[in-house]
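K.L.:
The structure follows.
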Amino acid sequence: MKTNDEDIKTILLKENYISEEDIKKAEEYSKTHNDSFVEFLFKEKIITMDLLGQAFAESFGIPYSDLNSNQPTREQVLEIPEGPAHTFRIVIFNKDEKRIIISTDDPKNKELPGALKKLFPLLKTVITYSLSEDIDASFTHYQKSLKTRFSEIIKKGERIVPEILEEIINDALTHRASDIHFEPQESSEAIVRFRIDGVLHNAGRIPREYYENLINRIKVKSHLRIDEHFKAQDGSMSHTYKGKVIDLRTSIAPTINGEKIVLRLLASYVRGLTLESLGLSNDNQRILEASSKKPFGMILITGPTGSGKTTTLYALLRILNRPEVNITTIEDPVEYKIAGVNQIQVNPETDLTFSRGLRSIIRQDPDIILVGEIRDNETAEIATNAALTGHLVLSTFHANDAATSIPRLLDMGIEPFLLASTLEIVIAQRLIRQICQECRYSVKVSSSELAKSFKEVSDYFPEKEIILYKGRGCESCGGTAFKGRTAIFEFIQITEDIKNLILKNPSTNQIWEIAKKQNSRRLFEDGIDKVKNGITTLDELLRVASPSRNV
């Protein structure tokens, strides 16, 4: 049973979880940020998902079962046949010799008690409420392997390629993948792999006889040339999943074994992030939000490809996006469509480059400009001048760390006085995997043991006894011990001292020495906090950052 905002509002008010004043503030936030009022309630910590579930349960007059914190096992889920489970939206929450506790998001279904009596005639049944998202998550246990589903589709012999593609995309979305890789092999098949939390996992294999037709279907849906096999092509397509339209970015490249395809999934679980959920500390959030409220200047985010730079900028745009503000972006590609924002796609075929597009944007009377990436001297110069002449400019830049960005921009020909006058803040970031919260456990380690295993980090743990965290590996994380990703950050605020230093064409070390005195911390130091708080592991942190230098 899906609920809308009005249902949630009514129930939360009736059950006294929120006040009329909360509703008023939330609705105002919704109007000015093009976002759901529920997001405001979560952001301000007025309610949590758990409290939302409890409020609905109370409105139905039944107990609440938290399937997120107490995820049912595969055996529990499969004990109810798939048909009745989907029809009545039911999952076993708990069971003993005398009674069974059933979770559902549709407790008012009049046929439910009778169906449960047939399923469990010898047990007393207790009906409880669970959130729809958690019910859906538990239903993934009914899914057969892609290999089995491919065989069934091929055996049926109808719409083979469309159904195979649909199953693959649905499966990727179920597993919260960010990318799908289709990789043709020298053998008679193509491998399908999902990138989940930054790591690729084998998902299935497609017989070569169907792979060529699958390429053509993706090309048609992405508006690409089906007669071109030896050039790289980029496009986009859409896919409907559980009633929602998901955007996908398509990239096709020729290899010696045939055309390889990568689909980037631009789903809500990638898109709906706040600054807090990205992993920013409270102090860094305040710094970033203060810089973004200034009428002009430049906010720069640095890092390699795949470090989450664009996601951070989009989270910032969610805060800045108000009806009275004109926001225009130029991107390559436009990753997520944002209501209320004017977005321009770079197109080399029509000579619409970053620099040309940026010149045009400035003539469109914008308040805020997002430049997807500063790649060349001309774009850097135009962006800097725009920041000087009354615009807030947000952009990304390829650099290993925050301090290195400044000398690199100066090397690109930006006048020192211009950069000093416009740059507000430089942020470096990396993505790291989070320990699965369902199977996380703590380990006590002595300082001597830590020094043996992680000599380079022992200085960060002065205690004699250290508590570290790991994941055991469970069904929830697919046995990987990790689930989800967060980011580690390095912030450099452009204070008067750093502005004066920029005028002297400083080195990276000179910039960092001043930033350090102003309490800036390196990527690794931010990561150490996340290790100590049980968010990630030392091994994972060392995979993406170094104690001595940022890589």
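Residues in the structure tokens are named by chain (A, B, ... in the order shown) and by number from 1 within that chain; ligands are numbered from 1 in the order shown.
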DSSP on the backbone, then: every residue of range 369-548 of chain A marked strand (DSSP E), written as an NGL selection string.
P.N.:
:A and (369-371 or 392-397 or 423-435 or 440-446 or 465-471 or 482-493)
K.L.:
Hey, what's within 12 Å of Phe150 in chain A if we count only C-alpha atoms and toss same-chain stuff fewer than 6 positions away? As an MDAnalysis selection string, please?
P.N.:
chainID A and resid 144 156:168 203:207 210
K.L.:
Could you please take those selected residues and save N, CA and C atoms as a compact mmCIF listing (two decimals), in the first residue's frame?
P.N.:
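Result written to out.txt:
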```txt
# COMPACT_ATOMS: atom_id res chain seq x y z
N LYS A 144 14.88 -15.18 -8.71
CA LYS A 144 15.76 -16.24 -9.17
C LYS A 144 17.02 -15.60 -9.75
N LYS A 156 10.76 -19.60 -23.36
CA LYS A 156 9.43 -19.09 -23.72
C LYS A 156 9.40 -18.60 -25.17
N GLY A 157 10.54 -18.01 -25.63
CA GLY A 157 10.70 -17.64 -27.03
C GLY A 157 9.95 -16.41 -27.48
N GLU A 158 9.47 -15.58 -26.56
CA GLU A 158 8.76 -14.35 -26.92
C GLU A 158 9.49 -13.13 -26.36
N ARG A 159 9.71 -12.13 -27.19
CA ARG A 159 10.37 -10.88 -26.77
C ARG A 159 11.62 -11.19 -25.94
N ILE A 160 12.47 -12.04 -26.45
CA ILE A 160 13.63 -12.52 -25.69
C ILE A 160 14.55 -11.37 -25.27
N VAL A 161 15.02 -10.57 -26.23
CA VAL A 161 15.98 -9.50 -25.92
C VAL A 161 15.37 -8.41 -25.04
N PRO A 162 14.15 -7.89 -25.35
CA PRO A 162 13.56 -6.87 -24.46
C PRO A 162 13.40 -7.37 -23.02
N GLU A 163 13.00 -8.63 -22.86
CA GLU A 163 12.79 -9.16 -21.50
C GLU A 163 14.11 -9.37 -20.78
N ILE A 164 15.15 -9.83 -21.49
CA ILE A 164 16.47 -10.00 -20.87
C ILE A 164 16.99 -8.65 -20.38
N LEU A 165 16.89 -7.61 -21.23
CA LEU A 165 17.36 -6.27 -20.85
C LEU A 165 16.59 -5.75 -19.64
N GLU A 166 15.28 -5.95 -19.64
CA GLU A 166 14.46 -5.48 -18.52
C GLU A 166 14.84 -6.18 -17.22
N GLU A 167 15.08 -7.48 -17.28
CA GLU A 167 15.48 -8.23 -16.09
C GLU A 167 16.81 -7.73 -15.54
N ILE A 168 17.76 -7.45 -16.46
CA ILE A 168 19.08 -6.99 -16.02
C ILE A 168 18.98 -5.64 -15.33
N ALA A 203 27.23 -10.64 -12.55
CA ALA A 203 25.78 -10.78 -12.37
C ALA A 203 25.19 -11.87 -13.25
N GLY A 204 25.78 -12.11 -14.41
CA GLY A 204 25.23 -13.12 -15.30
C GLY A 204 25.96 -13.16 -16.62
N ARG A 205 25.51 -14.03 -17.53
CA ARG A 205 26.12 -14.17 -18.85
C ARG A 205 25.02 -14.22 -19.90
N ILE A 206 25.27 -13.57 -21.03
CA ILE A 206 24.30 -13.54 -22.13
C ILE A 206 24.88 -14.31 -23.31
N PRO A 207 24.14 -15.29 -23.87
CA PRO A 207 24.63 -15.98 -25.07
C PRO A 207 24.89 -14.99 -26.21
N TYR A 210 22.29 -13.61 -28.70
CA TYR A 210 21.32 -12.58 -28.31
C TYR A 210 21.99 -11.24 -28.01
```
K.L.:
Taking only residues of range 211-285 of chain A that have an atom at most 12 Å from an atom of range 421-440 of chain A, what is each one's shortest atom pair and its distance in Å to one decimal, using only C-alpha atoms, in chain and number order, as a tab-separated table?
P.N.:
```
residue	atom	partner	partner_atom	distance
A:Leu278	CA	A:Leu431	CA	9.4
A:Gly279	CA	A:Leu431	CA	9.6
A:Leu280	CA	A:Gln429	CA	10.2
A:Asn284	CA	A:Ile427	CA	9.9
A:Gln285	CA	A:Ile427	CA	11.7
```
K.L.:
Write the residues of the preceding selection, restricted to all heavy atoms, as a PDB file, in the first residue's frame.
P.N.:
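Produced file selection_9.pdb, reproduced below:
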```
ATOM      1  N   LEU A 278      25.930  12.610   2.737  1.00  0.00           N
ATOM      2  CA  LEU A 278      27.151  12.426   1.950  1.00  0.00           C
ATOM      3  C   LEU A 278      28.352  12.115   2.826  1.00  0.00           C
ATOM      4  O   LEU A 278      29.375  11.633   2.337  1.00  0.00           O
ATOM      5  CB  LEU A 278      27.455  13.685   1.137  1.00  0.00           C
ATOM      6  CG  LEU A 278      26.519  13.993  -0.035  1.00  0.00           C
ATOM      7  CD1 LEU A 278      26.841  15.358  -0.607  1.00  0.00           C
ATOM      8  CD2 LEU A 278      26.616  12.941  -1.106  1.00  0.00           C
ATOM      9  N   GLY A 279      28.252  12.400   4.122  1.00  0.00           N
ATOM     10  CA  GLY A 279      29.365  12.129   5.025  1.00  0.00           C
ATOM     11  C   GLY A 279      30.043  13.383   5.545  1.00  0.00           C
ATOM     12  O   GLY A 279      31.089  13.302   6.194  1.00  0.00           O
ATOM     13  N   LEU A 280      29.461  14.555   5.264  1.00  0.00           N
ATOM     14  CA  LEU A 280      30.040  15.809   5.759  1.00  0.00           C
ATOM     15  C   LEU A 280      29.820  15.952   7.262  1.00  0.00           C
ATOM     16  O   LEU A 280      28.719  15.698   7.759  1.00  0.00           O
ATOM     17  CB  LEU A 280      29.401  17.006   5.056  1.00  0.00           C
ATOM     18  CG  LEU A 280      29.906  17.340   3.654  1.00  0.00           C
ATOM     19  CD1 LEU A 280      28.984  18.349   2.997  1.00  0.00           C
ATOM     20  CD2 LEU A 280      31.313  17.899   3.705  1.00  0.00           C
ATOM     21  N   ASN A 284      31.879  21.028   8.637  1.00  0.00           N
ATOM     22  CA  ASN A 284      32.054  21.202   7.196  1.00  0.00           C
ATOM     23  C   ASN A 284      30.753  21.578   6.499  1.00  0.00           C
ATOM     24  O   ASN A 284      30.759  22.340   5.528  1.00  0.00           O
ATOM     25  CB  ASN A 284      32.637  19.935   6.574  1.00  0.00           C
ATOM     26  CG  ASN A 284      34.121  19.783   6.858  1.00  0.00           C
ATOM     27  OD1 ASN A 284      34.796  20.745   7.217  1.00  0.00           O
ATOM     28  ND2 ASN A 284      34.639  18.574   6.719  1.00  0.00           N
ATOM     29  N   GLN A 285      29.630  21.045   6.999  1.00  0.00           N
ATOM     30  CA  GLN A 285      28.337  21.460   6.452  1.00  0.00           C
ATOM     31  C   GLN A 285      28.123  22.951   6.634  1.00  0.00           C
ATOM     32  O   GLN A 285      27.689  23.644   5.708  1.00  0.00           O
ATOM     33  CB  GLN A 285      27.211  20.698   7.156  1.00  0.00           C
ATOM     34  CG  GLN A 285      26.939  19.315   6.621  1.00  0.00           C
ATOM     35  CD  GLN A 285      25.681  18.734   7.254  1.00  0.00           C
ATOM     36  OE1 GLN A 285      24.574  19.174   6.980  1.00  0.00           O
ATOM     37  NE2 GLN A 285      25.864  17.748   8.103  1.00  0.00           N
TER      38      GLN A 285
END
```
K.L.:
Quick check for you: according to DSSP on this backbone, which residues of range 73-306 of chain A are classed as alpha helix (DSSP H)? Reply as a ChimeraX atom specification.
P.N.:
/A:74-78,82-88,112-119,132-138,146-156,160-174,208-221,268-271,282-292
K.L.:
Any chance you can output those residues with C-alpha atoms as a tab-separated table (two decimals), in the first residue's frame?
P.N.:
```tsv
chain	number	residue	atom	x	y	z
A	74	ARG	CA	15.73	-15.76	3.17
A	75	GLU	CA	14.14	-18.81	4.84
A	76	GLN	CA	11.60	-16.62	6.65
A	77	VAL	CA	10.60	-14.82	3.46
A	78	LEU	CA	10.35	-17.95	1.29
A	82	GLU	CA	5.54	-15.73	-3.70
A	83	GLY	CA	1.96	-15.33	-4.99
A	84	PRO	CA	0.26	-14.66	-1.62
A	85	ALA	CA	3.25	-12.65	-0.42
A	86	HIS	CA	2.92	-10.16	-3.29
A	87	THR	CA	-0.89	-10.20	-3.29
A	88	PHE	CA	-1.24	-9.42	0.42
A	112	LEU	CA	-5.81	-10.94	4.71
A	113	PRO	CA	-7.01	-12.81	7.87
A	114	GLY	CA	-8.56	-15.57	5.77
A	115	ALA	CA	-5.44	-15.94	3.64
A	116	LEU	CA	-3.25	-16.20	6.75
A	117	LYS	CA	-5.57	-18.83	8.23
A	118	LYS	CA	-5.07	-20.96	5.11
A	119	LEU	CA	-1.31	-20.47	5.14
A	132	SER	CA	6.48	-0.36	2.13
A	133	GLU	CA	10.19	0.14	1.35
A	134	ASP	CA	11.13	-2.58	3.85
A	135	ILE	CA	8.49	-4.99	2.52
A	136	ASP	CA	9.83	-4.45	-1.03
A	137	ALA	CA	13.41	-5.04	0.15
A	138	SER	CA	12.50	-8.38	1.71
A	146	LEU	CA	19.70	-13.96	-13.78
A	147	LYS	CA	20.93	-17.18	-15.40
A	148	THR	CA	17.70	-18.97	-14.46
A	149	ARG	CA	15.54	-16.09	-15.62
A	150	PHE	CA	17.44	-15.85	-18.94
A	151	SER	CA	16.84	-19.57	-19.53
A	152	GLU	CA	13.12	-19.17	-18.82
A	153	ILE	CA	12.86	-16.18	-21.17
A	154	ILE	CA	14.73	-18.00	-23.97
A	155	LYS	CA	12.63	-21.14	-23.47
A	156	LYS	CA	9.43	-19.09	-23.72
A	160	ILE	CA	13.63	-12.52	-25.69
A	161	VAL	CA	15.98	-9.50	-25.92
A	162	PRO	CA	13.56	-6.87	-24.46
A	163	GLU	CA	12.79	-9.16	-21.50
A	164	ILE	CA	16.47	-10.00	-20.87
A	165	LEU	CA	17.36	-6.27	-20.85
A	166	GLU	CA	14.46	-5.48	-18.52
A	167	GLU	CA	15.48	-8.23	-16.09
A	168	ILE	CA	19.08	-6.99	-16.02
A	169	ILE	CA	18.14	-3.36	-15.34
A	170	ASN	CA	15.57	-4.34	-12.70
A	171	ASP	CA	18.13	-6.56	-11.00
A	172	ALA	CA	20.71	-3.77	-10.97
A	173	LEU	CA	18.20	-1.37	-9.41
A	174	THR	CA	17.23	-3.97	-6.80
A	208	ARG	CA	26.41	-14.23	-27.96
A	209	GLU	CA	23.52	-14.99	-30.33
A	210	TYR	CA	21.32	-12.58	-28.31
A	211	TYR	CA	24.00	-10.02	-27.40
A	212	GLU	CA	24.12	-8.35	-30.83
A	213	ASN	CA	20.35	-7.79	-30.75
A	214	LEU	CA	20.63	-6.50	-27.18
A	215	ILE	CA	23.23	-3.92	-28.36
A	216	ASN	CA	20.86	-2.80	-31.10
A	217	ARG	CA	17.95	-2.46	-28.66
A	218	ILE	CA	20.02	-0.32	-26.31
A	219	LYS	CA	21.18	1.82	-29.25
A	220	VAL	CA	17.59	2.37	-30.45
A	221	LYS	CA	16.37	3.25	-26.93
A	268	SER	CA	16.79	8.06	-6.72
A	269	TYR	CA	19.12	6.23	-4.33
A	270	VAL	CA	21.99	8.08	-6.06
A	271	ARG	CA	20.14	11.32	-6.48
A	282	ASN	CA	28.54	19.32	11.03
A	283	ASP	CA	31.43	21.81	10.89
A	284	ASN	CA	32.05	21.20	7.20
A	285	GLN	CA	28.34	21.46	6.45
A	286	ARG	CA	28.23	24.87	8.11
A	287	ILE	CA	31.31	26.02	6.18
A	288	LEU	CA	29.87	24.88	2.84
A	289	GLU	CA	26.39	26.28	3.45
A	290	ALA	CA	27.86	29.65	4.56
A	291	SER	CA	29.97	29.85	1.38
A	292	SER	CA	26.98	28.93	-0.80
```
K.L.:
Show me, as a list in words, the residues that have an atom within 9 Å of range 373-380 of chain A when counting only C-alpha atoms, minus same-chain residues fewer than 4 positions from it.
P.N.:
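Answer for this query is Ile330, Glu331, Asp332, Phe354, Ser355, Arg356, Leu358, Thr384, Asn385, Ser395, Thr396, Phe397, His398, Leu409, Met412, Gly413 and Ile414 of chain A.
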K.L.:
So, with only C-alpha atoms as the atoms that count, which of A:Asp459, A:Pro416, A:Ser453, A:Ser476 lies closest to Leu501 in chain A?
P.N.:
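Using only C-alpha atoms, the shortest distance to Leu501 in chain A belongs to A:Pro416.
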K.L.:
If you measure from CA of Glu183 in chain A to CA of Arg543 in chain A, what distance in Å do you get, rounded to one decimal?
P.N.:
25.8 Å
K.L.:
Could you tell me how far CA of Val262 in chain A sits from CA of Thr250 in chain A, in Å to one decimal place?
P.N.:
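Answer for the CA of Thr250 in chain A to CA of Val262 in chain A separation: 6.1 Å.
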K.L.:
Counting only C-alpha atoms, what is within 7 Å of Ala177 in chain A, bar same-chain residues fewer than 5 positions away, as number ranges by chain?
P.N.:
A: 172, 194-196
K.L.:
I'd like the contact shell of His223 in chain A - 8 Å cut-off, only C-alpha atoms, skipping same-chain residues fewer than 5 positions apart - returned as a PDB file with N, CA and C atoms, in the first residue's frame.
P.N.:
```pdb
ATOM      1  N   GLY A 235      24.828   8.233 -25.224  1.00  0.00           N
ATOM      2  CA  GLY A 235      23.434   8.644 -25.293  1.00  0.00           C
ATOM      3  C   GLY A 235      22.751   8.446 -23.959  1.00  0.00           C
ATOM      4  N   SER A 236      21.435   8.423 -23.975  1.00  0.00           N
ATOM      5  CA  SER A 236      20.682   8.216 -22.739  1.00  0.00           C
ATOM      6  C   SER A 236      19.361   7.524 -23.063  1.00  0.00           C
ATOM      7  N   MET A 237      18.817   6.844 -22.067  1.00  0.00           N
ATOM      8  CA  MET A 237      17.550   6.154 -22.222  1.00  0.00           C
ATOM      9  C   MET A 237      16.827   6.188 -20.883  1.00  0.00           C
TER      10      MET A 237
END
```
